[in-house]
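The next block holds one structure in the form of C-alpha cells; read it before the comments.
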Amino acid sequence: MEEVLRVIDLGRTSFDAALRVQKECLAEAAGNPGLHFLIFCSHHPVITCGTSHRASDILADHRTLKAMNIDLRYVNRGGGVSYHGPGQITVYPVCNLACLGRDISRFLGRLEECVLDFLESFGVAAYRREGLPGVWTDNRNKICSIGVAFSRWVSFHGLSVNIRSADMQPYSLIRPCGMDIKMTCLEEEAPRARELAYSVLLEEMRKSFLKVFWPRGIRIEESRR
Amino acid sequence: MNIEVKVPHLGAGVEKARVTFIYCEPGDTVKQDADLFELTADKAAFNVPSPCSGRIGEVKVSCGDTVSVGDVICSILPD
C-alpha cells in the first residue's frame, strides 16, 4: 500500500480551529490506512487541560486569564496542563497507526525523537526523561510538551516546542504537566534561532518528521484548509 | 452471543491504563469503530473502538478505574 502524507500549514490559528481540522483529517485517515497528515501551526494564547490535569495546576483565576486574553480549554489528550502561544511551533500528526505500528509508546517515542533531531540541527543537546514524556534540556528545563490521543488507532493532538523567549511569561500561570519545572525555549538554548523566520524553523521540523517517521520516503501532498 | 470488549494491547511496556471517559451506557446502540471508552496511559489518551455494531450490554468499569491489557470492559450484543 502506498502511503501518503498531507502537509498542512495553518499558520497562526485558534486552538478550536486547529482541533476542527484535526478531526476532519482524523475522519479521512481512519478510513484510509495509508493516509497521514502533519498539521503545523502556532496558536493564539490558550491553556489546555488534558485528561490527567488537576485544577490546582492552573495558578491564575478565570478573570486573570480573560484579562490576559488567554483562553482555557479542556481536551481529551493525554497529559496535564499546558500552554500554547504564538511563540511556539505546534505539530499535530494525524497518523494512521495501522501502517506505523499499533504501539502508542513507540509513537510517543518517535515524537520525542523528531524534536531531539530538530533541536540538534540548532546545536541544542536535549534528551528524554524516563517516565516523563516530552523533551528536556536538563533535569528542570523542559522545551517541548507532548500530549496525544488516538481514535480508531489514528493519532491526534501532538506536541509544542517553545521557540521565542518573548512568549514564555504565561507559563508562570500554570504548573506545566503538573510539575514544578521551568520551561525553556529554543532562543534561550540557541540564540542564533532569533534570526530565523518561522518558515525556516518549520522546514527543519518537517525534515525531522520525515527522517524519523518515514526514513524510506513517502509521497507528500501539500494541502490547504 | 455477546462479544466481550477487552483492553487492547497498547504498546510495548504499556500494561495498565486509567479509564478517563466512558462514551457509552448499557442499552446504547453503537456502530462498529465508535469510541466506547477513553483510556489514558503515559501522555496518550486512547479511545477504545467498538469491534462491531450492536447494543451495549454490561459496562464493567467506571471512570477513574485502572485497567490492564486484556481486562474485559464491556459486552456488546452484535446486530
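Labels for the C-alpha cells follow display order: chains A, B, ..., residues from 1 in each chain, ligands from 1.
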Select, as a list in words, those residues of chain A with any atom no more than 9 Å from chain B (distances computed using only C-alpha atoms).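 Applying the cut-off to the listed atoms yields Gly50, Thr51, Ser52, Asn76, Arg77, Gly78, Gly79, Gly80, Gly101, Arg102, Asp103, Ile104, Ser105, Arg106, Leu108, Gly131, Leu132, Pro133, Ile146, Gly147, Val148, Ala149, Phe150, Ser151, Arg152, Trp153 and Ser155 of chain A.
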Report the residues of region 53-174 of chain A whose backbone DSSP state falls under alpha helix (DSSP H), written as a list of chain:residue names. A:His62, A:Arg63, A:Thr64, A:Leu65, A:Lys66, A:Ala67, A:Leu97, A:Ala98, A:Cys99, A:Leu100, A:Ile104, A:Ser105, A:Arg106, A:Phe107, A:Leu108, A:Gly109, A:Arg110, A:Leu111, A:Glu112, A:Glu113, A:Cys114, A:Val115, A:Leu116, A:Asp117, A:Phe118, A:Leu119, A:Glu120
What lies within 10 Å of region 51-55 of chain B using only C-alpha atoms, ignoring chain neighbours under 2 positions off, as a PyMOL selection string? chain B and resi 2-6+24-36+48-49+57-58+75-79
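Every residue of region 39-115 of chain A found in strand (DSSP E or B) when DSSP is run on the backbone appears here: Ile39, Phe40, Cys41, Ser42, His43, Val46, Ile47, Thr48, Cys49, Ile58, Asp71, Leu72, Arg73, Tyr74, Val81, Ser82, Tyr83, His84, Gln88, Ile89, Thr90, Val91, Tyr92, Pro93, Val94 and Asn96 of chain A.
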Residue contacts of region 157-159 of chain A (12 Å, only C-alpha atoms) excluding same-chain residues fewer than 5 positions away, as a count of residues only: 60
Please report, as a tab-separated table, each residue of region 25-128 of chain A lying at most 9 Å from region 181-197 of chain A, together with the nearest pair of atoms and the separation in Å rounded to one decimal; use only C-alpha atoms, and order rows by chain and ascending residue number.
```
residue	atom	partner	partner_atom	distance
A:Gln88	CA	A:Cys185	CA	8.6
A:Leu119	CA	A:Leu186	CA	7.7
A:Phe122	CA	A:Ala190	CA	6.5
A:Gly123	CA	A:Ala190	CA	7.2
A:Val124	CA	A:Glu189	CA	6.4
A:Ala125	CA	A:Glu189	CA	8.9
```
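Within the 8 Å cut-off around Arg73 (chain A), using only C-alpha atoms and omitting residues fewer than 6 positions from it on the same chain, the listed residues are Val46, Ile47, Thr48 and Cys49 of chain A.
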Would you output that residue set with N, CA and C atoms, as a PDB file, in the first residue's frame?
```pdb
ATOM      1  N   VAL A  46      -3.511  30.099  24.721  1.00  0.00           N
ATOM      2  CA  VAL A  46      -4.539  29.204  25.268  1.00  0.00           C
ATOM      3  C   VAL A  46      -3.876  28.240  26.259  1.00  0.00           C
ATOM      4  N   ILE A  47      -4.581  27.971  27.334  1.00  0.00           N
ATOM      5  CA  ILE A  47      -4.144  26.940  28.281  1.00  0.00           C
ATOM      6  C   ILE A  47      -5.038  25.734  28.053  1.00  0.00           C
ATOM      7  N   THR A  48      -4.423  24.577  27.879  1.00  0.00           N
ATOM      8  CA  THR A  48      -5.225  23.372  27.659  1.00  0.00           C
ATOM      9  C   THR A  48      -5.008  22.390  28.806  1.00  0.00           C
ATOM     10  N   CYS A  49      -6.085  21.717  29.144  1.00  0.00           N
ATOM     11  CA  CYS A  49      -6.053  20.757  30.251  1.00  0.00           C
ATOM     12  C   CYS A  49      -6.336  19.369  29.697  1.00  0.00           C
TER      13      CYS A  49
END
```
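Atom to atom, CA of Ser165 (chain A) and CA of Leu210 (chain A) stand 27.0 Å apart.
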Nearby residues (only C-alpha atoms) at most 12 Å from Arg219 (chain A), same-chain spacing under 5 positions excluded, as a list of chain:residue names: A:Met1, A:Glu2, A:Glu3, A:Val4, A:Leu5, A:Arg6, A:Val7, A:Gly34, A:Leu35, A:His36, A:Phe37, A:Leu210, A:Trp214
Show which residues sit within 10 Å of Val61 (chain B), as an MDAnalysis selection string. Count only C-alpha atoms, and ignore same-chain residues fewer than 4 positions away. chainID B and resid 19 22 37 65:67 71:74
Can you write out the residues you just picked, keeping C-alpha atoms, as an mmCIF file, in the first residue's frame?
```cif
data_model
loop_
_atom_site.group_PDB
_atom_site.id
_atom_site.type_symbol
_atom_site.label_atom_id
_atom_site.label_comp_id
_atom_site.auth_asym_id
_atom_site.auth_seq_id
_atom_site.Cartn_x
_atom_site.Cartn_y
_atom_site.Cartn_z
ATOM 1 C CA VAL B 19 -10.366 4.915 32.419
ATOM 2 C CA ILE B 22 -16.921 6.434 29.121
ATOM 3 C CA PHE B 37 -14.012 4.186 26.338
ATOM 4 C CA ASP B 65 -10.561 2.719 37.374
ATOM 5 C CA THR B 66 -7.173 1.315 36.458
ATOM 6 C CA VAL B 67 -7.397 -1.485 33.914
ATOM 7 C CA ASP B 71 -9.388 -6.896 31.010
ATOM 8 C CA VAL B 72 -13.000 -7.088 29.854
ATOM 9 C CA ILE B 73 -14.501 -3.595 29.986
ATOM 10 C CA CYS B 74 -17.926 -4.169 28.473
#
```
Using Å and a single decimal, report how far CA of Pro8 (chain B) sits from CA of Lys60 (chain B).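 Going from CA of Lys60 (chain B) over to CA of Pro8 (chain B), I get 15.2 Å.
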